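The file entry-v9.txt contains compact mmCIF, C-alpha atoms:
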```
# COMPACT_ATOMS: atom_id res chain seq x y z
CA MET U 1 0.00 0.00 0.00
CA SER U 2 1.63 3.27 -1.11
CA ILE U 3 2.07 6.37 1.01
CA SER U 4 0.02 8.48 -1.43
CA PHE U 5 -2.91 6.07 -1.10
CA LEU U 6 -2.75 6.27 2.70
CA LEU U 7 -2.61 10.08 2.57
CA HIS U 8 -5.60 10.16 0.19
CA THR U 9 -7.56 7.80 2.46
CA ASN U 10 -6.78 9.86 5.57
CA ALA U 11 -7.73 13.08 3.78
CA THR U 12 -11.03 11.56 2.66
CA GLN U 13 -11.76 10.40 6.20
CA ASP U 14 -10.96 13.86 7.57
CA VAL U 15 -13.34 15.46 5.05
CA LEU U 16 -16.14 13.03 5.86
CA SER U 17 -15.55 13.43 9.60
CA PHE U 18 -15.68 17.23 9.33
CA TYR U 19 -18.78 17.04 7.14
CA GLY U 20 -20.45 14.63 9.56
CA TRP U 21 -19.80 16.81 12.60
CA TRP U 22 -20.92 19.93 10.69
CA GLN U 23 -24.12 18.25 9.51
CA PHE U 24 -24.90 16.88 12.98
CA ALA U 25 -24.37 20.20 14.79
CA VAL U 26 -25.91 22.60 12.25
CA CYS U 27 -28.97 20.47 11.51
CA LEU U 28 -29.56 19.75 15.20
CA PHE U 29 -29.52 23.50 15.87
CA GLY U 30 -31.89 24.03 12.92
CA PHE U 31 -34.26 21.38 14.30
CA LEU U 32 -34.30 22.94 17.77
CA ALA U 33 -34.77 26.47 16.38
CA LEU U 34 -37.71 25.45 14.16
CA ILE U 35 -39.33 23.60 17.06
CA ALA U 36 -38.83 26.69 19.25
CA ILE U 37 -40.60 28.90 16.68
CA TRP U 38 -43.43 26.40 16.49
CA TRP U 39 -43.66 26.18 20.30
CA HIS U 40 -44.05 29.94 20.69
CA ILE U 41 -46.21 30.69 17.64
CA GLY U 42 -47.28 27.69 15.58
CA LYS U 43 -48.64 25.77 18.55
CA ARG U 44 -51.13 28.56 19.25
CA GLN U 45 -52.20 28.53 15.60
CA ASN U 46 -52.61 24.74 15.68
CA ASP U 47 -50.15 24.59 12.77
CA PHE U 48 -47.98 21.45 12.67
CA GLY U 49 -46.26 22.16 9.36
CA GLN U 50 -43.16 23.45 11.13
CA VAL U 51 -42.98 20.27 13.19
CA TRP U 52 -42.74 18.13 10.05
CA LEU U 53 -40.12 20.47 8.56
CA ALA U 54 -38.15 20.33 11.82
CA LEU U 55 -38.27 16.52 11.79
CA SER U 56 -36.96 16.51 8.22
CA VAL U 57 -33.97 18.58 9.36
CA LEU U 58 -33.49 16.22 12.33
CA CYS U 59 -33.04 13.36 9.84
CA TRP U 60 -30.05 15.20 8.39
CA SER U 61 -28.62 15.63 11.89
CA ILE U 62 -28.90 11.90 12.61
CA SER U 63 -27.34 11.20 9.22
CA GLY U 64 -24.39 13.42 10.17
CA ALA U 65 -23.92 11.52 13.42
CA LEU U 66 -23.87 8.23 11.49
CA GLU U 67 -21.27 9.67 9.10
CA VAL U 68 -19.00 10.40 12.08
CA TYR U 69 -19.61 6.92 13.49
CA PHE U 70 -18.96 4.99 10.29
CA VAL U 71 -15.88 6.99 9.28
CA HIS U 72 -14.03 5.69 12.34
CA ILE U 73 -14.85 2.00 11.87
CA GLN U 74 -13.73 -0.36 9.14
CA LEU U 75 -16.41 -2.11 7.12
CA GLU U 76 -15.88 -4.64 4.35
CA THR U 77 -18.75 -3.18 2.34
CA SER U 78 -20.38 0.22 2.01
CA ILE U 79 -23.89 -1.21 1.64
CA LEU U 80 -24.69 -0.70 5.33
CA ILE U 81 -23.52 2.93 5.28
CA ASP U 82 -25.36 3.72 2.05
CA GLY U 83 -28.45 1.95 3.37
CA TRP U 84 -28.69 4.17 6.44
CA ARG U 85 -28.11 7.25 4.30
CA SER U 86 -30.94 6.17 2.00
CA ILE U 87 -33.34 5.43 4.88
CA LEU U 88 -32.77 8.83 6.50
CA SER U 89 -33.05 10.52 3.11
CA LEU U 90 -36.40 8.79 2.56
CA PHE U 91 -37.69 9.92 5.97
CA ASN U 92 -36.44 13.44 5.27
CA SER U 93 -38.42 13.55 2.01
CA LEU U 94 -41.51 12.02 3.66
CA PHE U 95 -41.57 14.62 6.45
CA ILE U 96 -41.25 17.47 3.93
CA LEU U 97 -44.17 16.08 1.91
CA LEU U 98 -46.25 15.71 5.10
CA ALA U 99 -45.60 19.38 5.87
CA LEU U 100 -47.03 20.64 2.56
CA PRO U 101 -50.76 20.38 3.49
CA TRP U 102 -50.10 22.84 6.33
CA PHE U 103 -48.79 25.54 3.98
CA ARG U 104 -51.19 28.48 3.78
CA TYR U 105 -50.63 29.17 0.09
CA LEU U 106 -50.66 26.23 -2.30
CA PRO U 107 -50.50 26.30 -6.12
CA ARG U 108 -53.98 26.07 -7.58
CA PRO U 109 -53.24 23.12 -9.97
CA ILE U 110 -52.05 20.83 -7.15
CA GLY U 111 -53.54 22.46 -4.06
CA HIS U 112 -56.63 20.25 -3.99
CA ILE U 113 -54.42 17.14 -4.26
CA ILE U 114 -52.17 18.17 -1.38
CA LYS U 115 -55.16 19.12 0.79
CA SER U 116 -57.08 15.92 0.03
CA ASN U 117 -57.42 12.96 2.39
CA TYR U 118 -55.54 10.85 -0.16
CA TRP U 119 -52.31 12.82 0.20
CA ILE U 120 -51.02 10.47 2.91
CA TYR U 121 -51.42 7.56 0.49
CA ILE U 122 -49.94 9.48 -2.45
CA VAL U 123 -46.72 10.10 -0.51
CA GLY U 124 -46.82 7.08 1.79
CA LEU U 125 -47.03 4.26 -0.77
CA PRO U 126 -43.96 5.40 -2.77
CA PHE U 127 -42.16 5.81 0.55
CA LEU U 128 -42.84 2.19 1.51
CA PHE U 129 -42.00 1.01 -2.01
CA SER U 130 -38.61 2.72 -1.63
CA LEU U 131 -37.97 1.80 2.00
CA LEU U 132 -38.56 -1.96 1.90
CA PRO U 133 -36.09 -2.72 -0.95
CA THR U 134 -33.52 -0.51 0.81
CA ILE U 135 -33.85 -2.51 4.03
CA ASN U 136 -33.71 -5.76 2.05
CA LYS U 137 -30.49 -4.56 0.38
CA MET U 138 -28.92 -3.83 3.78
CA ILE U 139 -29.84 -7.29 5.15
CA SER U 140 -29.07 -9.42 2.10
CA GLY U 141 -26.18 -7.37 0.78
CA LYS U 142 -27.54 -7.72 -2.76
CA VAL U 143 -28.01 -4.74 -5.02
CA LEU U 144 -31.06 -5.01 -7.28
CA GLY U 145 -29.86 -2.87 -10.18
CA ILE U 146 -32.41 -0.29 -11.26
CA ILE U 147 -33.95 0.09 -7.77
CA ASN U 148 -30.59 0.71 -6.12
CA GLU U 149 -31.15 4.45 -5.57
CA LEU U 150 -34.86 4.66 -4.80
CA ASP U 151 -34.28 7.45 -2.28
CA VAL U 152 -33.01 9.63 -5.15
CA TYR U 153 -36.20 9.17 -7.16
CA TYR U 154 -38.33 9.86 -4.09
CA ALA U 155 -36.26 12.97 -3.35
CA VAL U 156 -36.81 14.23 -6.91
CA LEU U 157 -40.56 13.81 -6.42
CA THR U 158 -40.31 15.73 -3.15
CA LEU U 159 -38.28 18.54 -4.69
CA GLY U 160 -40.82 18.99 -7.47
CA PHE U 161 -43.66 19.52 -4.99
CA LEU U 162 -41.53 21.54 -2.56
CA GLY U 163 -40.19 23.92 -5.20
CA TYR U 164 -43.66 24.65 -6.56
CA VAL U 165 -45.11 25.24 -3.06
CA LEU U 166 -42.18 27.40 -1.88
CA TRP U 167 -42.51 29.59 -4.97
CA GLU U 168 -46.23 30.04 -4.33
CA SER U 169 -45.72 30.75 -0.61
CA PHE U 170 -43.10 33.46 -1.10
CA ALA U 171 -44.79 34.96 -4.17
CA LYS U 172 -48.17 35.27 -2.44
CA ARG U 173 -46.45 37.04 0.46
CA ARG U 174 -44.90 39.46 -2.06
CA LEU U 175 -41.37 38.16 -1.44
CA LYS U 176 -40.29 37.57 -5.05
CA ALA U 177 -36.54 37.59 -4.27
CA LEU U 178 -37.01 34.69 -1.86
CA ALA U 179 -39.21 32.93 -4.42
CA TRP U 180 -36.38 33.02 -6.98
CA LEU U 181 -33.83 31.98 -4.34
CA SER U 182 -36.00 28.99 -3.45
CA LEU U 183 -36.00 27.86 -7.07
CA SER U 184 -32.20 28.24 -7.21
CA CYS U 185 -31.87 26.14 -4.07
CA ILE U 186 -34.13 23.44 -5.50
CA LEU U 187 -32.01 23.38 -8.67
CA VAL U 188 -28.78 22.89 -6.66
CA THR U 189 -30.47 20.13 -4.68
CA LEU U 190 -31.54 18.38 -7.89
CA ILE U 191 -27.93 18.52 -9.12
CA ALA U 192 -26.80 16.99 -5.83
CA GLN U 193 -29.33 14.18 -6.24
CA GLY U 194 -27.96 13.57 -9.73
CA TYR U 195 -24.47 13.27 -8.28
CA LYS U 196 -25.69 10.43 -6.07
CA LEU U 197 -25.92 8.33 -9.22
CA THR U 198 -22.22 8.91 -9.94
CA ASP U 199 -19.00 7.99 -8.12
CA SER U 200 -17.93 11.59 -7.45
CA SER U 201 -18.07 11.43 -3.63
CA VAL U 202 -16.13 14.64 -2.93
CA ASN U 203 -18.40 16.73 -5.14
CA LEU U 204 -21.43 15.05 -3.59
CA THR U 205 -20.25 16.05 -0.13
CA LEU U 206 -19.78 19.62 -1.30
CA PHE U 207 -23.20 19.78 -2.97
CA SER U 208 -24.85 18.18 0.07
CA ALA U 209 -23.37 20.80 2.37
CA ILE U 210 -24.53 23.60 0.07
CA PHE U 211 -28.10 22.45 -0.50
CA LYS U 212 -28.71 21.42 3.11
CA THR U 213 -27.55 24.80 4.35
CA SER U 214 -29.68 26.56 1.72
CA LEU U 215 -32.80 24.53 2.51
CA ILE U 216 -32.47 25.14 6.25
CA MET U 217 -32.17 28.89 5.63
CA LEU U 218 -35.21 28.73 3.34
CA PHE U 219 -37.19 26.96 6.06
CA PHE U 220 -36.27 29.76 8.45
CA ALA U 221 -37.16 32.39 5.84
CA LEU U 222 -40.51 30.64 5.35
CA ALA U 223 -41.17 30.62 9.10
CA LEU U 224 -40.24 34.29 9.43
CA SER U 225 -42.40 35.26 6.42
CA TRP U 226 -45.28 33.44 8.11
CA VAL U 227 -44.64 35.38 11.34
CA LYS U 228 -44.41 38.61 9.30
CA GLU U 229 -47.75 37.88 7.67
CA LEU U 230 -49.37 37.17 11.02
CA ALA U 231 -48.09 40.50 12.33
CA GLU U 232 -48.99 42.64 9.30
CA ASN U 233 -52.17 41.05 7.99
CA VAL U 234 -54.21 40.83 11.16
CA ILE U 235 -57.82 41.83 10.57
CA PRO U 236 -58.67 44.36 13.32
CA LYS U 237 -61.69 44.13 15.58
CA PRO U 238 -64.75 46.32 14.72
CA GLN U 239 -63.97 48.84 17.48
CA HIS U 240 -60.48 49.39 16.03
CA PHE U 241 -61.59 49.54 12.40
CA HIS U 242 -61.95 52.99 10.76
CA ILE U 243 -63.60 53.63 7.38
CA GLY U 244 -63.46 56.76 5.24
CA PHE U 245 -64.80 57.55 1.77
CA GLN U 246 -63.19 59.63 -0.94
CA LYS U 247 -63.77 60.41 -4.62
CA GLN U 248 -60.94 61.78 -6.72
CA LYS U 249 -59.41 61.76 -10.19
CA ASN U 250 -56.55 59.39 -10.88
CA THR U 251 -53.47 60.09 -13.01
CA LYS U 252 -55.44 59.30 -16.18
CA GLY U 253 -58.08 61.88 -15.31
CA LYS U 254 -60.75 59.30 -14.56
CA ARG U 255 -62.85 59.61 -11.43
CA GLU U 256 -62.34 56.78 -8.95
CA GLN U 257 -64.05 55.83 -5.70
CA LEU U 258 -61.70 55.13 -2.79
CA VAL U 259 -62.35 53.56 0.59
CA LEU U 260 -59.81 54.53 3.26
CA LEU U 261 -59.23 51.84 5.88
CA ARG U 262 -57.30 52.22 9.14
CA GLY U 263 -56.76 49.87 12.06
CA PHE U 264 -54.38 47.39 10.48
CA PRO U 265 -50.91 46.99 12.05
CA GLY U 266 -48.88 50.12 11.35
CA ASP U 267 -50.04 53.67 10.83
CA ARG U 268 -50.48 53.39 7.06
CA VAL U 269 -53.93 54.05 5.62
CA ARG U 270 -55.02 51.33 3.20
CA LYS U 271 -56.64 52.85 0.10
CA VAL U 272 -58.91 50.52 -1.88
CA ALA U 273 -60.48 51.48 -5.21
CA LEU U 274 -63.96 50.05 -5.70
CA THR U 275 -66.37 49.91 -8.61
CA PRO U 276 -69.19 52.49 -8.42
CA ALA U 277 -71.73 49.80 -7.47
CA LEU U 278 -69.65 48.34 -4.62
CA TYR U 279 -68.65 51.81 -3.42
CA GLU U 280 -72.30 52.90 -3.24
CA LEU U 281 -73.20 49.68 -1.40
CA LEU U 282 -70.57 50.21 1.30
CA LEU U 283 -71.48 53.89 1.49
CA LYS U 284 -75.12 52.91 2.03
CA PHE U 285 -74.06 50.71 4.96
CA ALA U 286 -72.00 53.56 6.43
CA GLN U 287 -74.76 56.18 6.04
CA ARG U 288 -77.32 53.95 7.74
CA ARG U 289 -74.88 53.28 10.55
CA LYS U 290 -74.14 56.99 11.05
CA GLU U 291 -77.82 57.94 11.12
CA GLY U 292 -78.29 55.83 14.22
CA SER U 293 -81.98 55.03 13.71
CA ASP U 294 -82.71 51.95 11.61
CA ASP U 295 -79.24 50.92 10.48
CA TRP U 296 -80.22 47.48 9.13
CA LEU U 297 -80.22 46.71 5.42
CA GLU U 298 -82.51 43.98 4.13
CA ILE U 299 -81.41 41.33 1.66
CA LYS U 300 -83.91 40.27 -0.96
CA PRO U 301 -85.16 36.71 -0.33
CA LYS U 302 -85.18 34.18 -3.12
CA GLY U 303 -88.49 33.48 -4.84
CA PRO U 304 -90.82 35.02 -7.44
CA MET U 305 -93.21 36.43 -4.80
CA PHE U 306 -90.66 39.10 -3.83
CA SER U 307 -89.92 40.31 -7.37
CA GLY U 308 -92.09 43.43 -7.10
CA LYS U 309 -90.73 44.70 -3.81
CA ASN U 310 -87.74 46.98 -3.31
CA PHE U 311 -84.90 45.77 -1.08
CA ASP U 312 -81.65 47.39 0.00
CA ILE U 313 -79.58 44.47 -1.33
CA ASN U 314 -80.79 42.35 -4.24
CA ASP U 315 -78.44 39.42 -3.72
CA TYR U 316 -76.24 38.20 -0.87
CA ASN U 317 -73.45 37.71 -3.42
CA GLU U 318 -73.12 41.50 -3.50
CA ILE U 319 -71.72 41.30 0.04
CA LYS U 320 -69.27 38.60 -1.01
CA ARG U 321 -68.12 40.62 -4.03
CA LEU U 322 -67.59 43.63 -1.78
CA LEU U 323 -65.45 41.63 0.66
CA ILE U 324 -63.37 40.13 -2.16
CA ALA U 325 -62.78 43.57 -3.69
CA LEU U 326 -61.66 44.94 -0.31
CA LEU U 327 -59.28 42.02 0.28
CA ASP U 328 -57.83 42.33 -3.24
CA GLY U 329 -57.16 45.99 -2.56
CA ILE U 330 -55.66 45.44 0.89
CA PHE U 331 -53.48 42.36 0.33
CA GLY U 332 -53.33 41.98 -3.44
CA LYS U 333 -55.35 39.75 -5.73
CA GLU U 334 -55.36 36.12 -4.52
CA ASN U 335 -52.85 36.99 -1.76
CA TRP U 336 -55.36 36.07 0.92
CA THR U 337 -57.20 32.99 2.11
CA ARG U 338 -60.80 32.30 3.04
CA ASP U 339 -60.19 31.18 6.62
CA HIS U 340 -57.53 33.71 7.62
CA HIS U 341 -58.80 36.80 5.82
CA LEU U 342 -62.27 36.55 4.26
CA LYS U 343 -64.11 35.22 7.33
CA PRO U 344 -62.39 37.60 9.83
CA LEU U 345 -63.06 40.63 7.60
CA LYS U 346 -66.71 39.62 7.23
CA ASN U 347 -67.06 39.33 11.01
CA THR U 348 -65.36 42.70 11.48
CA LEU U 349 -67.43 44.62 8.94
CA PHE U 350 -70.89 43.08 9.19
CA GLU U 351 -73.27 41.52 11.62
CA MET U 352 -76.48 39.63 10.85
CA SER U 353 -79.77 40.00 12.65
CA GLU U 354 -80.17 37.57 15.55
CA LYS U 355 -83.70 36.76 14.35
CA ARG U 356 -82.36 35.50 11.01
CA GLU U 357 -84.49 38.03 9.13
CA ARG U 358 -82.02 38.42 6.23
CA LYS U 359 -81.04 41.76 7.71
CA ILE U 360 -77.43 42.94 7.86
CA ARG U 361 -75.68 46.05 9.08
CA LEU U 362 -72.20 47.50 9.48
CA ALA U 363 -70.54 46.36 12.71
CA VAL U 364 -68.06 49.25 12.80
CA PRO U 365 -69.01 51.85 15.46
CA PRO U 366 -70.56 55.08 14.04
CA HIS U 367 -67.74 57.28 15.41
CA ASN U 368 -65.23 55.23 13.40
CA ILE U 369 -66.94 56.12 10.11
CA SER U 370 -66.01 59.25 8.17
CA LEU U 371 -68.34 60.23 5.32
```
Once you've parsed the file, please lay out its structure as structure tokens.
Amino acid sequence: MSISFLLHTNATQDVLSFYGWWQFAVCLFGFLALIAIWWHIGKRQNDFGQVWLALSVLCWSISGALEVYFVHIQLETSILIDGWRSILSLFNSLFILLALPWFRYLPRPIGHIIKSNYWIYIVGLPFLFSLLPTINKMISGKVLGIINELDVYYAVLTLGFLGYVLWESFAKRRLKALAWLSLSCILVTLIAQGYKLTDSSVNLTLFSAIFKTSLIMLFFALALSWVKELAENVIPKPQHFHIGFQKQKNTKGKREQLVLLRGFPGDRVRKVALTPALYELLLKFAQRRKEGSDDWLEIKPKGPMFSGKNFDINDYNEIKRLLIALLDGIFGKENWTRDHHLKPLKNTLFEMSEKRERKIRLAVPPHNISL
């Protein structure tokens, strides 16, 4: 055995040992930090997405510890080492996929699939199909050719879903720079997965260090963007909500109807441009509320017998269109969700009659309305 070979072997062991300790320490810290964020914020929101992401990072930490362990012992074959790497990689991918249904913003083409009750089977069956042959390979020591790197194929599936969802999450929160960075990180990770199919171990170690660091930082950026959204996009209570009305000409010389909203986090006044019909509807609510006498507006019931009577609101969908227009103006078109924005805004702005008489009025106090 030559001296150069021994030096090369020792250098390789030093690199793997350093990489193992780095992966163990950094990923363990990332796991604990993500769990801490969930404990203080996500737990109150009943959001377990961060828990799954934290567990995926923990798999990397355990993998780093195994790297340190195996680099100091002599094995006749690398099947056992590669088997453990594959198993932890599979669990890492599974936990990431299980976190996706908890994301607030999902791409419309695949959102209904991720949110469905079948998602656990969609991600679970390929996981088992990949896990069982990997365990069999570790026990028997036999490599079954084409299914040798099943964890790579499962990781590619995971990266496809994750990249699409990360782009949507950052884009909907108006963080386009992070959206592009997330795609760059996914691309580097895909290259690293491709290297797993080659014999270039040094480059694989380098790529693994890069993409794992990048993904952990993206997970933190995602958590912080979620916290930022919670802080900035809180729908205020009726007593803290202020409404003003204004008509003016825009830069093109056209007259536009503006609703001025205050009460959201920060001192900035939110200006929302409405169509003439929706503006007049909200103004009607405000005028009735300011008069202080009969401030209820009646919604026209369904049926031909009511066709000849005059009602304040012809269709309940007018209320829904008004709420959607306000949310589009406040947060941006489609940058809001039904449960976290539409329902709270409806409860803040309007209240229905307790007698279920199809009567509705503005819930904002009269002194908070400026005509």
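For the choices U:Leu159, U:Ile360, U:Leu281, U:Leu106, the atom-to-atom distance to U:Leu297 is smallest for U:Ile360 when using only C-alpha atoms.
Atom pair atom CA of U:Lys346 / atom CA of U:Ala325: separated by 12.3 Å.
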### Neighbour residues at most 12 Å from (-30.9, 31.3, -6.4) (all atoms listed in the file) as a list in words
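Residues close enough to count: Gly163, Trp167, Lys176, Ala177, Leu178, Ala179, Trp180, Leu181, Ser182, Leu183, Ser184, Cys185, Ile186, Leu187, Val188, Thr189, Ile210, Phe211, Ser214, Leu215 and Leu218 of chain U.
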### Task
Select, from U:Ala36, U:Leu323, U:Val51, U:Ile120, the residue with the minimum atom-to-atom distance to U:Thr348, counting all atoms listed in the file.
U:Leu323
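Atom CA of U:Trp226 to atom CA of U:Leu32 spans 18.0 Å [interatomic distance, one decimal].
Residue nearest U:Ala221 within the list U:Ala363, U:Leu327, U:Ile110, U:Leu166: U:Leu166 [criterion: smallest interatomic distance, all atoms listed in the file].
Note that the spacing between atom CA of U:Glu351 and atom CA of U:Arg268 amounts to 26.1 Å.
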### Task
Please provide as a VMD selection string all residues within 12 Å of U:Arg255, with the sequence filter that same-chain residues fewer than 6 positions apart are discarded (counting all atoms listed in the file).
chain U and resid 246 to 249 273 to 276
### Message
Counting all atoms listed in the file, which residue out of U:Arg358, U:Arg338, U:Lys290, U:Lys254 sits closest to U:Asn314?
### Response
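Under the stated criterion, the closest residue is U:Arg358.
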### Task
Find the residue from U:Ala277, U:Val269, U:Val364, U:Leu132 that sits nearest to U:Arg321; use only C-alpha atoms when measuring.
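Smallest distance to U:Arg321 is found for U:Ala277.
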### Message
My list of candidates is U:Ser56, U:Thr134, U:Ser17, U:Thr158. Which is closest to U:Val71 when distances are computed with only C-alpha atoms?
### Response
U:Ser17
### Task
Just the residues within 10 Å of U:Ala223, please, counting all atoms listed in the file, with nothing from its chain fewer than 2 positions along; format it as a list in words.
Leu34, Ile37, Trp38, Ile41, Gly42, Gly49, Gln50, Met217, Leu218, Phe219, Phe220, Ala221, Ser225, Trp226, Val227, Lys228 and Glu229 of chain U
### Task
Considering all atoms listed in the file, return as a list in words whatever protein or nucleic-acid residues lie within 6 Å of stretch 24-31 of chain U, sequence-local ones (same chain, fewer than 4 positions apart) excluded.
Ala54, Val57, Leu58, Ser61, Gly64 and Ala65 of chain U
With 4 Å of padding per side, what axis-aligned box (centre and edge lengths, Å, one decimal) covers all the listed atoms of stretch 169-187 of chain U? Give it as JSON.
```
{"center_x": -40.0, "center_y": 31.4, "center_z": -4.1, "size_x": 24.3, "size_y": 24.1, "size_z": 17.1}
```
